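Structure below is target.cif: mmCIF, C-alpha atoms.
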```
data_upload
#
loop_
_atom_site.label_atom_id
_atom_site.label_comp_id
_atom_site.auth_asym_id
_atom_site.auth_seq_id
_atom_site.Cartn_x
_atom_site.Cartn_y
_atom_site.Cartn_z
CA MET C 22 9.47 -28.61 12.10
CA ASN C 23 6.18 -26.67 12.59
CA ASP C 24 3.14 -26.70 10.30
CA GLN C 25 4.30 -23.62 8.44
CA SER C 26 7.69 -25.10 7.70
CA ALA C 27 6.17 -28.43 6.70
CA MET C 28 4.28 -26.94 3.79
CA ALA C 29 7.36 -25.36 2.22
CA VAL C 30 6.64 -24.39 -1.35
CA THR C 31 9.50 -22.84 -3.29
CA LEU C 32 8.38 -19.93 -5.44
CA THR C 33 11.23 -18.36 -7.35
CA ARG C 34 11.22 -14.94 -9.01
CA ARG C 35 11.14 -16.73 -12.36
CA GLY C 36 8.11 -18.65 -11.10
CA PHE C 37 6.33 -15.38 -10.32
CA VAL C 38 7.08 -14.05 -13.80
CA MET C 39 6.11 -17.25 -15.61
CA ALA C 40 2.85 -17.54 -13.69
CA ALA C 41 1.90 -13.96 -14.46
CA ALA C 42 2.88 -14.31 -18.12
CA GLY C 43 0.78 -17.44 -18.48
CA ALA C 44 -2.18 -15.70 -16.92
CA ALA C 45 -1.72 -12.72 -19.24
CA ALA C 46 -2.00 -15.04 -22.20
CA LEU C 47 -5.38 -16.20 -20.91
CA GLY C 48 -6.67 -12.93 -19.52
CA VAL C 49 -7.20 -11.06 -22.78
CA LEU C 50 -10.91 -10.34 -22.35
CA PRO C 51 -12.17 -7.30 -20.47
CA ALA C 52 -13.34 -7.91 -16.92
CA GLN C 53 -17.01 -7.59 -17.87
CA ALA C 54 -16.65 -10.49 -20.31
CA LEU C 55 -14.86 -12.68 -17.81
CA THR C 56 -17.33 -12.09 -14.99
CA PRO C 57 -20.73 -11.04 -16.33
CA ARG C 58 -22.86 -9.35 -13.69
CA ARG C 59 -26.48 -8.46 -13.27
CA ARG C 60 -27.12 -5.30 -11.31
CA GLY C 61 -29.02 -7.22 -8.63
CA ASP C 62 -26.08 -9.51 -7.89
CA ARG C 63 -23.53 -8.81 -5.20
CA LEU C 64 -19.94 -8.56 -6.30
CA ARG C 65 -17.95 -11.67 -5.46
CA VAL C 66 -14.81 -10.68 -3.56
CA GLY C 67 -11.63 -12.55 -2.68
CA LEU C 68 -9.16 -11.42 -0.02
CA VAL C 69 -5.39 -12.03 -0.13
CA GLY C 70 -3.68 -11.23 3.15
CA CYS C 71 -5.68 -12.14 6.24
CA GLY C 72 -4.03 -10.01 8.91
CA GLY C 73 -5.69 -7.11 10.69
CA ARG C 74 -5.67 -4.75 7.72
CA GLY C 75 -6.96 -7.36 5.31
CA THR C 76 -9.75 -8.42 7.66
CA GLY C 77 -10.66 -4.77 8.20
CA ALA C 78 -10.69 -4.07 4.48
CA ALA C 79 -13.01 -7.05 3.94
CA ARG C 80 -15.38 -5.67 6.59
CA ASP C 81 -15.31 -2.27 4.87
CA MET C 82 -16.13 -3.90 1.54
CA LEU C 83 -19.08 -5.73 3.11
CA ALA C 84 -20.33 -2.42 4.49
CA THR C 85 -21.05 -1.28 0.92
CA ASN C 86 -23.97 -3.76 0.99
CA ASP C 87 -23.06 -4.82 -2.53
CA ALA C 88 -20.41 -7.49 -1.97
CA GLU C 89 -19.92 -10.97 -0.61
CA ILE C 90 -16.64 -12.52 0.54
CA VAL C 91 -16.24 -15.87 -1.18
CA ALA C 92 -12.50 -16.68 -0.95
CA ILE C 93 -9.61 -15.77 1.34
CA GLY C 94 -5.95 -16.71 1.42
CA ASP C 95 -2.71 -16.12 3.30
CA VAL C 96 0.68 -17.80 3.49
CA MET C 97 -0.06 -18.59 7.15
CA GLY C 98 -2.93 -20.90 8.00
CA GLU C 99 -3.57 -19.40 11.42
CA ARG C 100 -4.31 -16.02 9.85
CA VAL C 101 -6.76 -17.57 7.43
CA ALA C 102 -8.56 -19.21 10.35
CA SER C 103 -8.58 -16.01 12.39
CA CYS C 104 -9.88 -13.93 9.49
CA ARG C 105 -12.59 -16.46 8.71
CA ALA C 106 -13.74 -16.46 12.33
CA SER C 107 -13.70 -12.64 12.51
CA LEU C 108 -15.76 -12.27 9.35
CA ALA C 109 -18.23 -14.91 10.52
CA GLY C 110 -18.69 -12.97 13.76
CA LEU C 111 -19.42 -9.58 12.20
CA GLY C 112 -22.56 -7.85 13.39
CA ASP C 113 -25.08 -5.61 11.59
CA GLY C 114 -25.90 -8.50 9.28
CA LEU C 115 -22.56 -8.25 7.50
CA ASN C 116 -21.74 -11.89 8.27
CA ALA C 117 -24.71 -12.96 6.14
CA HIS C 118 -22.63 -12.08 3.10
CA VAL C 119 -19.59 -14.12 4.05
CA HIS C 120 -19.68 -17.38 2.12
CA LEU C 121 -16.52 -19.30 2.92
CA THR C 122 -15.88 -23.03 3.01
CA ASP C 123 -12.79 -25.10 3.69
CA GLU C 124 -12.40 -25.34 -0.09
CA THR C 125 -12.32 -21.55 -0.56
CA CYS C 126 -9.86 -20.75 2.24
CA PHE C 127 -6.32 -21.10 0.91
CA THR C 128 -2.96 -21.34 2.67
CA GLY C 129 0.59 -21.33 1.36
CA TRP C 130 2.88 -19.34 -0.88
CA ASP C 131 0.53 -19.82 -3.84
CA ALA C 132 -2.63 -18.90 -1.90
CA TYR C 133 -2.90 -15.61 -3.77
CA ARG C 134 -3.11 -17.41 -7.10
CA ARG C 135 -5.82 -19.73 -5.83
CA VAL C 136 -7.88 -16.82 -4.52
CA ILE C 137 -7.50 -14.88 -7.78
CA ASP C 138 -8.24 -18.01 -9.82
CA SER C 139 -11.53 -18.42 -7.92
CA PRO C 140 -14.77 -17.20 -9.56
CA ILE C 141 -14.51 -13.65 -8.19
CA ASP C 142 -15.06 -10.15 -9.54
CA VAL C 143 -12.80 -8.25 -7.16
CA VAL C 144 -9.63 -9.15 -5.31
CA MET C 145 -8.37 -7.29 -2.25
CA LEU C 146 -4.58 -7.34 -1.83
CA ALA C 147 -3.54 -6.70 1.78
CA THR C 148 -0.31 -8.65 2.25
CA PRO C 149 2.98 -6.95 3.16
CA PRO C 150 3.74 -4.63 0.22
CA GLY C 151 6.80 -6.52 -0.97
CA PHE C 152 4.40 -9.05 -2.53
CA ARG C 153 2.12 -6.45 -4.12
CA PRO C 154 3.65 -6.05 -7.62
CA ALA C 155 3.50 -9.74 -8.53
CA MET C 156 0.03 -10.16 -7.04
CA PHE C 157 -1.35 -7.08 -8.77
CA GLU C 158 0.16 -8.20 -12.06
CA TYR C 159 -1.46 -11.63 -11.70
CA ALA C 160 -4.84 -10.15 -10.75
CA VAL C 161 -4.91 -7.86 -13.78
CA ALA C 162 -3.84 -10.70 -16.05
CA LYS C 163 -6.81 -12.68 -14.73
CA GLY C 164 -9.22 -9.80 -15.34
CA ARG C 165 -10.04 -8.95 -11.72
CA HIS C 166 -10.96 -5.54 -10.37
CA VAL C 167 -8.51 -4.69 -7.59
CA PHE C 168 -8.33 -3.02 -4.23
CA MET C 169 -4.69 -2.96 -3.11
CA GLU C 170 -3.31 -1.54 0.08
CA LYS C 171 -0.59 1.07 0.02
CA PRO C 172 2.29 1.14 -0.68
CA VAL C 173 2.33 -0.93 -3.85
CA ALA C 174 6.04 -1.76 -4.00
CA VAL C 175 9.26 -1.59 -2.01
CA ASP C 176 11.72 -0.97 -4.86
CA PRO C 177 11.83 0.66 -8.31
CA ALA C 178 11.54 -2.70 -10.09
CA GLY C 179 8.22 -3.26 -8.33
CA VAL C 180 7.00 0.26 -9.11
CA ARG C 181 7.63 -0.26 -12.82
CA LYS C 182 5.80 -3.59 -12.71
CA VAL C 183 2.76 -1.99 -11.05
CA ILE C 184 2.61 0.84 -13.60
CA THR C 185 2.80 -1.64 -16.48
CA ALA C 186 -0.01 -3.70 -14.96
CA ALA C 187 -2.07 -0.54 -14.29
CA LYS C 188 -1.90 0.35 -17.98
CA LEU C 189 -3.13 -3.14 -18.86
CA ALA C 190 -5.95 -2.73 -16.34
CA ASP C 191 -7.12 0.35 -18.24
CA GLU C 192 -7.07 -1.56 -21.50
CA LYS C 193 -9.29 -4.22 -19.92
CA GLY C 194 -11.69 -1.77 -18.31
CA LEU C 195 -10.69 -2.90 -14.81
CA LYS C 196 -11.16 -0.67 -11.78
CA VAL C 197 -8.25 -0.21 -9.37
CA VAL C 198 -8.37 1.53 -5.98
CA ALA C 199 -5.41 1.91 -3.63
CA GLY C 200 -5.45 2.13 0.15
CA THR C 201 -4.59 5.84 0.23
CA GLN C 202 -7.92 6.53 1.88
CA ARG C 203 -7.29 10.29 2.16
CA ARG C 204 -8.04 10.45 -1.57
CA HIS C 205 -11.60 9.34 -0.71
CA GLU C 206 -12.08 11.34 2.50
CA ARG C 207 -14.54 14.23 2.29
CA CYS C 208 -12.53 16.70 4.36
CA TYR C 209 -9.50 16.13 2.12
CA LEU C 210 -11.55 16.34 -1.07
CA GLU C 211 -13.04 19.65 0.03
CA ALA C 212 -9.67 21.05 1.08
CA MET C 213 -8.04 19.97 -2.20
CA SER C 214 -10.88 21.52 -4.19
CA ARG C 215 -10.26 24.84 -2.45
CA ILE C 216 -6.47 24.64 -2.83
CA LYS C 217 -6.80 23.85 -6.54
CA ALA C 218 -9.22 26.79 -6.91
CA GLY C 219 -6.60 29.15 -5.48
CA ALA C 220 -7.74 29.53 -1.87
CA ILE C 221 -4.14 29.76 -0.62
CA GLY C 222 -2.73 31.26 -3.82
CA THR C 223 0.44 29.84 -5.30
CA VAL C 224 1.98 27.14 -3.13
CA LEU C 225 5.43 28.27 -1.98
CA SER C 226 6.45 25.43 0.34
CA ALA C 227 5.03 22.43 2.15
CA GLN C 228 5.71 20.05 5.01
CA CYS C 229 4.37 16.58 5.70
CA TYR C 230 4.69 14.51 8.85
CA TRP C 231 4.01 11.06 10.25
CA MET C 232 5.63 11.14 13.67
CA GLN C 233 4.51 8.62 16.28
CA GLY C 234 5.67 6.06 18.81
CA GLY C 235 6.91 2.56 18.13
CA LEU C 236 4.77 -0.24 16.74
CA TRP C 237 4.32 -3.93 17.54
CA MET C 238 7.10 -6.49 17.44
CA HIS C 239 6.84 -10.27 17.91
CA ASP C 240 9.67 -11.91 19.85
CA ARG C 241 11.21 -14.70 17.86
CA LYS C 242 10.27 -18.28 18.76
CA PRO C 243 12.81 -21.11 18.46
CA GLU C 244 10.69 -23.02 15.93
CA TRP C 245 10.49 -20.09 13.50
CA SER C 246 12.73 -20.12 10.46
CA ASP C 247 14.35 -16.86 9.31
CA THR C 248 11.61 -16.41 6.73
CA GLU C 249 8.78 -16.95 9.20
CA TRP C 250 10.35 -14.58 11.74
CA GLN C 251 10.71 -11.88 9.09
CA LEU C 252 7.16 -12.35 7.83
CA ARG C 253 5.77 -12.09 11.36
CA ASN C 254 7.78 -8.87 11.84
CA TRP C 255 7.46 -7.60 8.30
CA LEU C 256 7.55 -3.93 9.30
CA TYR C 257 11.25 -4.21 10.08
CA PHE C 258 12.53 -5.68 6.80
CA THR C 259 12.83 -3.52 3.71
CA TRP C 260 12.09 -6.34 1.26
CA LEU C 261 8.68 -6.68 2.90
CA SER C 262 7.75 -3.15 4.04
CA GLY C 263 10.04 -0.74 2.23
CA ASP C 264 10.87 0.80 5.67
CA HIS C 265 8.34 3.00 7.45
CA ILE C 266 8.87 6.00 5.17
CA VAL C 267 7.42 3.84 2.39
CA GLU C 268 4.96 1.68 4.34
CA GLN C 269 3.39 4.43 6.45
CA HIS C 270 4.59 7.93 5.49
CA VAL C 271 3.52 7.32 1.87
CA HIS C 272 0.08 8.57 2.97
CA ASN C 273 1.39 12.08 3.62
CA ILE C 274 3.76 12.05 0.65
CA ASP C 275 0.83 11.09 -1.58
CA VAL C 276 -1.11 14.14 -0.36
CA VAL C 277 1.82 16.39 -1.26
CA ASN C 278 1.98 14.81 -4.71
CA TRP C 279 -1.78 15.40 -4.99
CA VAL C 280 -1.09 19.14 -4.78
CA LEU C 281 2.30 19.44 -6.49
CA GLY C 282 2.77 16.46 -8.81
CA ASN C 283 5.87 14.28 -8.63
CA PRO C 284 9.18 15.59 -7.24
CA VAL C 285 12.18 16.34 -9.39
CA ARG C 286 14.67 15.11 -6.83
CA VAL C 287 15.57 14.59 -3.22
CA GLN C 288 17.76 17.54 -2.26
CA THR C 289 18.79 16.27 1.15
CA ALA C 290 17.95 13.23 3.24
CA MET C 291 18.87 12.05 6.70
CA GLY C 292 17.78 9.12 8.79
CA GLY C 293 18.96 6.48 11.14
CA ARG C 294 18.35 3.84 13.74
CA GLN C 295 18.78 5.71 16.98
CA VAL C 296 16.43 3.84 19.33
CA ARG C 297 15.46 0.56 17.64
CA THR C 298 19.00 -0.78 17.75
CA SER C 299 18.15 -4.38 18.70
CA PRO C 300 18.41 -7.04 15.96
CA ALA C 301 14.85 -7.95 16.95
CA TYR C 302 13.82 -4.91 14.89
CA GLY C 303 15.40 -6.13 11.69
CA HIS C 304 17.44 -3.52 9.83
CA VAL C 305 15.10 -0.57 9.11
CA PHE C 306 15.52 3.01 10.37
CA ASP C 307 13.38 4.60 13.08
CA HIS C 308 13.45 8.18 11.73
CA PHE C 309 13.80 10.05 8.43
CA GLY C 310 14.06 13.69 7.40
CA ILE C 311 13.78 14.36 3.66
CA VAL C 312 13.84 17.55 1.58
CA TYR C 313 12.14 17.11 -1.80
CA GLU C 314 12.27 19.56 -4.68
CA TYR C 315 9.34 19.74 -7.11
CA ALA C 316 9.29 20.83 -10.75
CA ASN C 317 7.95 24.32 -9.97
CA GLY C 318 10.75 24.94 -7.47
CA VAL C 319 8.66 24.23 -4.38
CA VAL C 320 10.67 22.64 -1.59
CA VAL C 321 8.94 20.16 0.71
CA THR C 322 10.17 18.95 4.08
CA SER C 323 9.09 15.39 4.89
CA MET C 324 9.58 13.93 8.37
CA CYS C 325 8.61 10.61 9.91
CA GLN C 326 9.56 8.66 13.01
CA GLN C 327 8.50 5.68 15.10
CA ILE C 328 10.05 6.45 18.49
CA ASP C 329 8.28 6.30 21.85
CA GLY C 330 8.10 9.41 24.04
CA CYS C 331 8.55 11.92 21.20
CA GLN C 332 6.26 14.43 19.54
CA SER C 333 3.27 13.00 17.69
CA ARG C 334 2.26 14.72 14.49
CA VAL C 335 0.45 13.36 11.42
CA GLU C 336 -0.52 16.07 8.92
CA GLU C 337 0.35 18.04 5.81
CA VAL C 338 0.94 21.80 5.68
CA PHE C 339 0.90 23.95 2.52
CA GLN C 340 2.15 27.54 2.61
CA GLY C 341 0.77 29.76 -0.16
CA THR C 342 0.88 33.40 -1.22
CA LEU C 343 -2.64 33.97 0.16
CA GLY C 344 -2.74 31.63 3.13
CA LYS C 345 -1.95 28.26 4.66
CA ALA C 346 -3.74 24.91 4.44
CA VAL C 347 -3.43 22.14 7.04
CA THR C 348 -4.85 18.67 6.37
CA SER C 349 -5.07 15.53 8.44
CA SER C 350 -7.48 12.63 8.76
CA GLY C 351 -10.82 14.02 9.94
CA ARG C 352 -9.78 17.67 9.88
CA ALA C 353 -8.77 20.36 7.43
CA SER C 354 -8.46 24.14 7.56
CA ILE C 355 -7.32 27.16 5.61
CA THR C 356 -6.14 30.42 7.14
CA GLY C 357 -5.68 33.70 5.34
CA GLU C 358 -7.81 35.60 2.85
CA HIS C 359 -10.09 32.62 2.16
CA ALA C 360 -10.26 31.17 5.68
CA TRP C 361 -12.20 27.92 6.06
CA LYS C 362 -12.48 24.98 8.44
CA TRP C 363 -13.97 21.57 7.84
CA THR C 364 -17.01 21.00 10.06
CA GLY C 365 -18.96 18.42 8.09
CA ASP C 366 -19.73 14.76 8.60
CA GLN C 367 -18.12 12.01 6.61
CA ARG C 368 -18.25 8.27 6.17
CA SER C 369 -15.24 6.30 7.29
CA PRO C 370 -12.71 6.81 4.49
CA TYR C 371 -11.85 3.11 4.71
CA GLU C 372 -15.46 2.31 3.82
CA GLN C 373 -15.66 5.14 1.31
CA GLU C 374 -12.77 3.84 -0.78
CA GLN C 375 -14.55 0.50 -1.10
CA ALA C 376 -17.84 2.22 -1.93
CA ASP C 377 -16.13 4.23 -4.65
CA LEU C 378 -14.63 1.07 -6.13
CA VAL C 379 -17.99 -0.70 -6.16
CA ALA C 380 -19.69 2.35 -7.70
CA ALA C 381 -17.14 2.48 -10.52
CA ILE C 382 -17.55 -1.23 -11.24
CA ARG C 383 -21.32 -0.81 -11.40
CA SER C 384 -21.27 2.33 -13.55
CA GLY C 385 -18.36 1.40 -15.80
CA GLU C 386 -16.76 4.80 -15.13
CA ARG C 387 -12.97 4.76 -15.29
CA LEU C 388 -11.29 4.48 -11.89
CA ASN C 389 -7.66 3.41 -11.82
CA GLU C 390 -5.36 4.63 -9.06
CA GLY C 391 -2.55 2.22 -9.92
CA THR C 392 -0.11 4.61 -11.59
CA ARG C 393 -0.78 7.40 -9.11
CA ILE C 394 -0.03 5.31 -6.02
CA ALA C 395 2.98 3.73 -7.74
CA GLU C 396 4.43 7.20 -8.33
CA SER C 397 3.83 8.21 -4.71
CA THR C 398 5.43 4.94 -3.64
CA LEU C 399 8.49 5.77 -5.74
CA THR C 400 8.60 9.22 -4.14
CA ALA C 401 8.87 7.55 -0.73
CA ILE C 402 11.43 5.05 -2.03
CA MET C 403 13.52 7.97 -3.31
CA GLY C 404 13.62 9.38 0.21
CA ARG C 405 14.69 6.05 1.67
CA MET C 406 17.37 5.53 -0.97
CA SER C 407 18.78 8.99 -0.36
CA ALA C 408 18.78 8.57 3.42
CA TYR C 409 20.36 5.11 3.18
CA THR C 410 23.17 6.32 0.90
CA GLY C 411 23.56 9.90 2.11
CA ARG C 412 23.33 11.22 -1.46
CA PRO C 413 20.78 13.27 -3.44
CA ILE C 414 18.60 11.20 -5.77
CA THR C 415 16.75 12.40 -8.87
CA TRP C 416 13.43 11.02 -10.09
CA GLU C 417 15.18 9.63 -13.18
CA GLN C 418 17.79 7.85 -11.06
CA ALA C 419 15.12 6.28 -8.90
CA TRP C 420 12.97 5.29 -11.87
CA ASN C 421 15.89 3.66 -13.69
CA SER C 422 17.37 2.00 -10.60
CA GLU C 423 17.98 -1.73 -10.90
CA LEU C 424 17.15 -2.29 -7.23
CA ASP C 425 14.94 -5.37 -6.81
CA LEU C 426 14.58 -6.59 -3.23
CA THR C 427 12.66 -9.76 -4.14
CA PRO C 428 14.43 -12.79 -2.59
CA PRO C 429 15.79 -15.33 -5.10
CA ALA C 430 13.34 -17.87 -3.65
CA LEU C 431 10.37 -17.63 -1.31
CA GLU C 432 10.40 -20.61 1.02
CA TRP C 433 10.45 -21.42 4.71
CA GLY C 434 14.11 -21.51 5.60
CA THR C 435 17.27 -19.45 5.89
CA MET C 436 17.07 -15.77 5.01
CA PRO C 437 19.84 -13.57 6.41
CA THR C 438 18.97 -10.13 7.74
CA PRO C 439 20.52 -7.38 5.57
CA GLU C 440 22.98 -5.02 7.18
CA VAL C 441 21.68 -1.72 8.49
CA ALA C 442 22.31 0.95 5.86
CA THR C 443 25.20 3.32 6.61
CA PRO C 444 24.99 6.74 4.91
CA GLY C 445 28.20 7.46 3.05
CA LYS C 446 29.00 3.77 2.71
CA THR C 447 25.83 2.15 1.40
CA LYS C 448 25.88 2.33 -2.39
CA PHE C 449 23.07 3.46 -4.66
CA VAL C 450 21.92 0.65 -6.95
#
```
As structure tokens, how would this structure be written, given the file I've shared?
Amino acid sequence: MNDQSAMAVTLTRRGFVMAAAGAAALGVLPAQALTPRRRGDRLRVGLVGCGGRGTGAARDMLATNDAEIVAIGDVMGERVASCRASLAGLGDGLNAHVHLTDETCFTGWDAYRRVIDSPIDVVMLATPPGFRPAMFEYAVAKGRHVFMEKPVAVDPAGVRKVITAAKLADEKGLKVVAGTQRRHERCYLEAMSRIKAGAIGTVLSAQCYWMQGGLWMHDRKPEWSDTEWQLRNWLYFTWLSGDHIVEQHVHNIDVVNWVLGNPVRVQTAMGGRQVRTSPAYGHVFDHFGIVYEYANGVVVTSMCQQIDGCQSRVEEVFQGTLGKAVTSSGRASITGEHAWKWTGDQRSPYEQEQADLVAAIRSGERLNEGTRIAESTLTAIMGRMSAYTGRPITWEQAWNSELDLTPPALEWGTMPTPEVATPGKTKFV
């Protein structure tokens, strides 16, 4: 048995709920009362999820020059050690604001609680998204401001939990920013301002794409349990990632929702597992094609893939009565009567989203992206559900779905891989 297996800690779904409920009973004061700040102090930040994205998000938070990292945690000890070393080695003086000790670096299934229970102002949630709803709920109950990576759930049960917690965050005056960095990117903000002002007229149709090659995969080692293998390859298991339409393509879907609101239904959906057929890639699909219908009758085509050797395309396209807008990270343009092209400079949107969170905490201005990202997450989940079942799905059906992918118990041990979905046979839940 390896070190990870030796520290098995069973955490049942009931345990998640009870822990969060207990914290809610204690966390009744607004965040400012729980963690009083003087303007000259740096914000004390804890990180949950010490992989590459979490470590990067911590660096981006430090770049605001108004934060210090004082606690980190991950279920896997090696990631905690790697993150700690990476943060200690940061240049540009950023490492001067990393204050970690053995006592503030936490490992295990309950590491997130111990980070959030630490004397911090802000918690950054960067684990696989399957854990996000329970962690966000606990953080809000404890009165912490939150940065949470996208997506924020993998099933409708998780989406509803996030929205409930987001409402409580508002009541407590907490600030919540999600990792949809396009919402903080200057070229997008300028393009959206022009679209909203009528630069392309009435939007008639739209397309969004995240089409790229395959991603990393870790070959299984004999000493890994099912759970450890799945965690180390979390992209390929729906209970952890939501499939790549949710985990990755949610960025583009969120931009479409930015312009059009939430969809009424999925008209048509297709997808499959054409190339990644090996069990080493879990049970997720490698391509999706979704047709969404929005309340104003606009039809949106959404496409994503992770297949080597194919076309690469990551952007959103809006067709209007007066022109066309195309947006992507670092570029934006409008053609037609009000032609325009982004030519400005911008801060890294990954840094900007942290700067915006810090600014809102300092000013007290409302900033809560929890409901918005939860709704975009549900939009992506709708597409997956429709592609998996081969049936159209309405917003109401998705919202009211009983689907909850949380395992009965989180522990190092046996966890069977779900069957690959088969359209026409897989049932809607």
- Task: Translate the PyMOL selection byres ((chain C and resi 218-231) around 9), as applied to the file shown, into an explicit residue set as a count of residues only.
- Result: 47
For stretch 236-253 of chain C, I'd like the enclosing box, axis-aligned and padded by 5 Å on every side, reported as AutoDock Vina command-line options with centre and edge lengths in Å to one decimal.
```
--center_x 9.3 --center_y -11.6 --center_z 13.3 --size_x 20.0 --size_y 32.8 --size_z 23.1
```
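For the choices C:Asp81, C:Glu192, C:Glu99, C:Glu211, the atom-to-atom distance to C:Ala353 is smallest for C:Glu211 when using all atoms listed in the file.
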- Query: So, counting only C-alpha atoms, which residue among C:Pro413, C:Pro429, C:Gly67, C:Pro150 is closest to C:Gly445?
  - Reply: C:Pro413
- Using the chain letters and numbering of this document, enumerate as a ChimeraX atom specification the residues selected by the PyMOL selection byres ((chain C and resi 415-423) around 7). /C:177-178,284-287,403,413-414,424-425,450
Could you tell me which residues the PyMOL selection byres ((chain C and resi 167-173) around 9) grabs in this file, written as a PDB file with C-alpha atoms, in the coordinates of the input?
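expr_2.pdb written:
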```
ATOM      1  CA  ARG C  74      -5.670  -4.750   7.720  1.00  0.00           C
ATOM      2  CA  GLY C  75      -6.960  -7.360   5.310  1.00  0.00           C
ATOM      3  CA  ALA C  78     -10.690  -4.070   4.480  1.00  0.00           C
ATOM      4  CA  ASP C 142     -15.060 -10.150  -9.540  1.00  0.00           C
ATOM      5  CA  VAL C 143     -12.800  -8.250  -7.160  1.00  0.00           C
ATOM      6  CA  VAL C 144      -9.630  -9.150  -5.310  1.00  0.00           C
ATOM      7  CA  MET C 145      -8.370  -7.290  -2.250  1.00  0.00           C
ATOM      8  CA  LEU C 146      -4.580  -7.340  -1.830  1.00  0.00           C
ATOM      9  CA  ALA C 147      -3.540  -6.700   1.780  1.00  0.00           C
ATOM     10  CA  THR C 148      -0.310  -8.650   2.250  1.00  0.00           C
ATOM     11  CA  PRO C 149       2.980  -6.950   3.160  1.00  0.00           C
ATOM     12  CA  PRO C 150       3.740  -4.630   0.220  1.00  0.00           C
ATOM     13  CA  GLY C 151       6.800  -6.520  -0.970  1.00  0.00           C
ATOM     14  CA  PHE C 152       4.400  -9.050  -2.530  1.00  0.00           C
ATOM     15  CA  ARG C 153       2.120  -6.450  -4.120  1.00  0.00           C
ATOM     16  CA  PRO C 154       3.650  -6.050  -7.620  1.00  0.00           C
ATOM     17  CA  PHE C 157      -1.350  -7.080  -8.770  1.00  0.00           C
ATOM     18  CA  ALA C 160      -4.840 -10.150 -10.750  1.00  0.00           C
ATOM     19  CA  VAL C 161      -4.910  -7.860 -13.780  1.00  0.00           C
ATOM     20  CA  ARG C 165     -10.040  -8.950 -11.720  1.00  0.00           C
ATOM     21  CA  HIS C 166     -10.960  -5.540 -10.370  1.00  0.00           C
ATOM     22  CA  ALA C 174       6.040  -1.760  -4.000  1.00  0.00           C
ATOM     23  CA  VAL C 175       9.260  -1.590  -2.010  1.00  0.00           C
ATOM     24  CA  GLY C 179       8.220  -3.260  -8.330  1.00  0.00           C
ATOM     25  CA  VAL C 180       7.000   0.260  -9.110  1.00  0.00           C
ATOM     26  CA  VAL C 183       2.760  -1.990 -11.050  1.00  0.00           C
ATOM     27  CA  LEU C 195     -10.690  -2.900 -14.810  1.00  0.00           C
ATOM     28  CA  LYS C 196     -11.160  -0.670 -11.780  1.00  0.00           C
ATOM     29  CA  VAL C 197      -8.250  -0.210  -9.370  1.00  0.00           C
ATOM     30  CA  VAL C 198      -8.370   1.530  -5.980  1.00  0.00           C
ATOM     31  CA  ALA C 199      -5.410   1.910  -3.630  1.00  0.00           C
ATOM     32  CA  GLY C 200      -5.450   2.130   0.150  1.00  0.00           C
ATOM     33  CA  THR C 201      -4.590   5.840   0.230  1.00  0.00           C
ATOM     34  CA  SER C 262       7.750  -3.150   4.040  1.00  0.00           C
ATOM     35  CA  GLY C 263      10.040  -0.740   2.230  1.00  0.00           C
ATOM     36  CA  VAL C 267       7.420   3.840   2.390  1.00  0.00           C
ATOM     37  CA  GLU C 268       4.960   1.680   4.340  1.00  0.00           C
ATOM     38  CA  GLN C 269       3.390   4.430   6.450  1.00  0.00           C
ATOM     39  CA  VAL C 271       3.520   7.320   1.870  1.00  0.00           C
ATOM     40  CA  HIS C 272       0.080   8.570   2.970  1.00  0.00           C
ATOM     41  CA  GLU C 374     -12.770   3.840  -0.780  1.00  0.00           C
ATOM     42  CA  GLN C 375     -14.550   0.500  -1.100  1.00  0.00           C
ATOM     43  CA  LEU C 378     -14.630   1.070  -6.130  1.00  0.00           C
ATOM     44  CA  GLY C 391      -2.550   2.220  -9.920  1.00  0.00           C
ATOM     45  CA  ILE C 394      -0.030   5.310  -6.020  1.00  0.00           C
ATOM     46  CA  ALA C 395       2.980   3.730  -7.740  1.00  0.00           C
ATOM     47  CA  SER C 397       3.830   8.210  -4.710  1.00  0.00           C
ATOM     48  CA  THR C 398       5.430   4.940  -3.640  1.00  0.00           C
TER      49      THR C 398
END
```
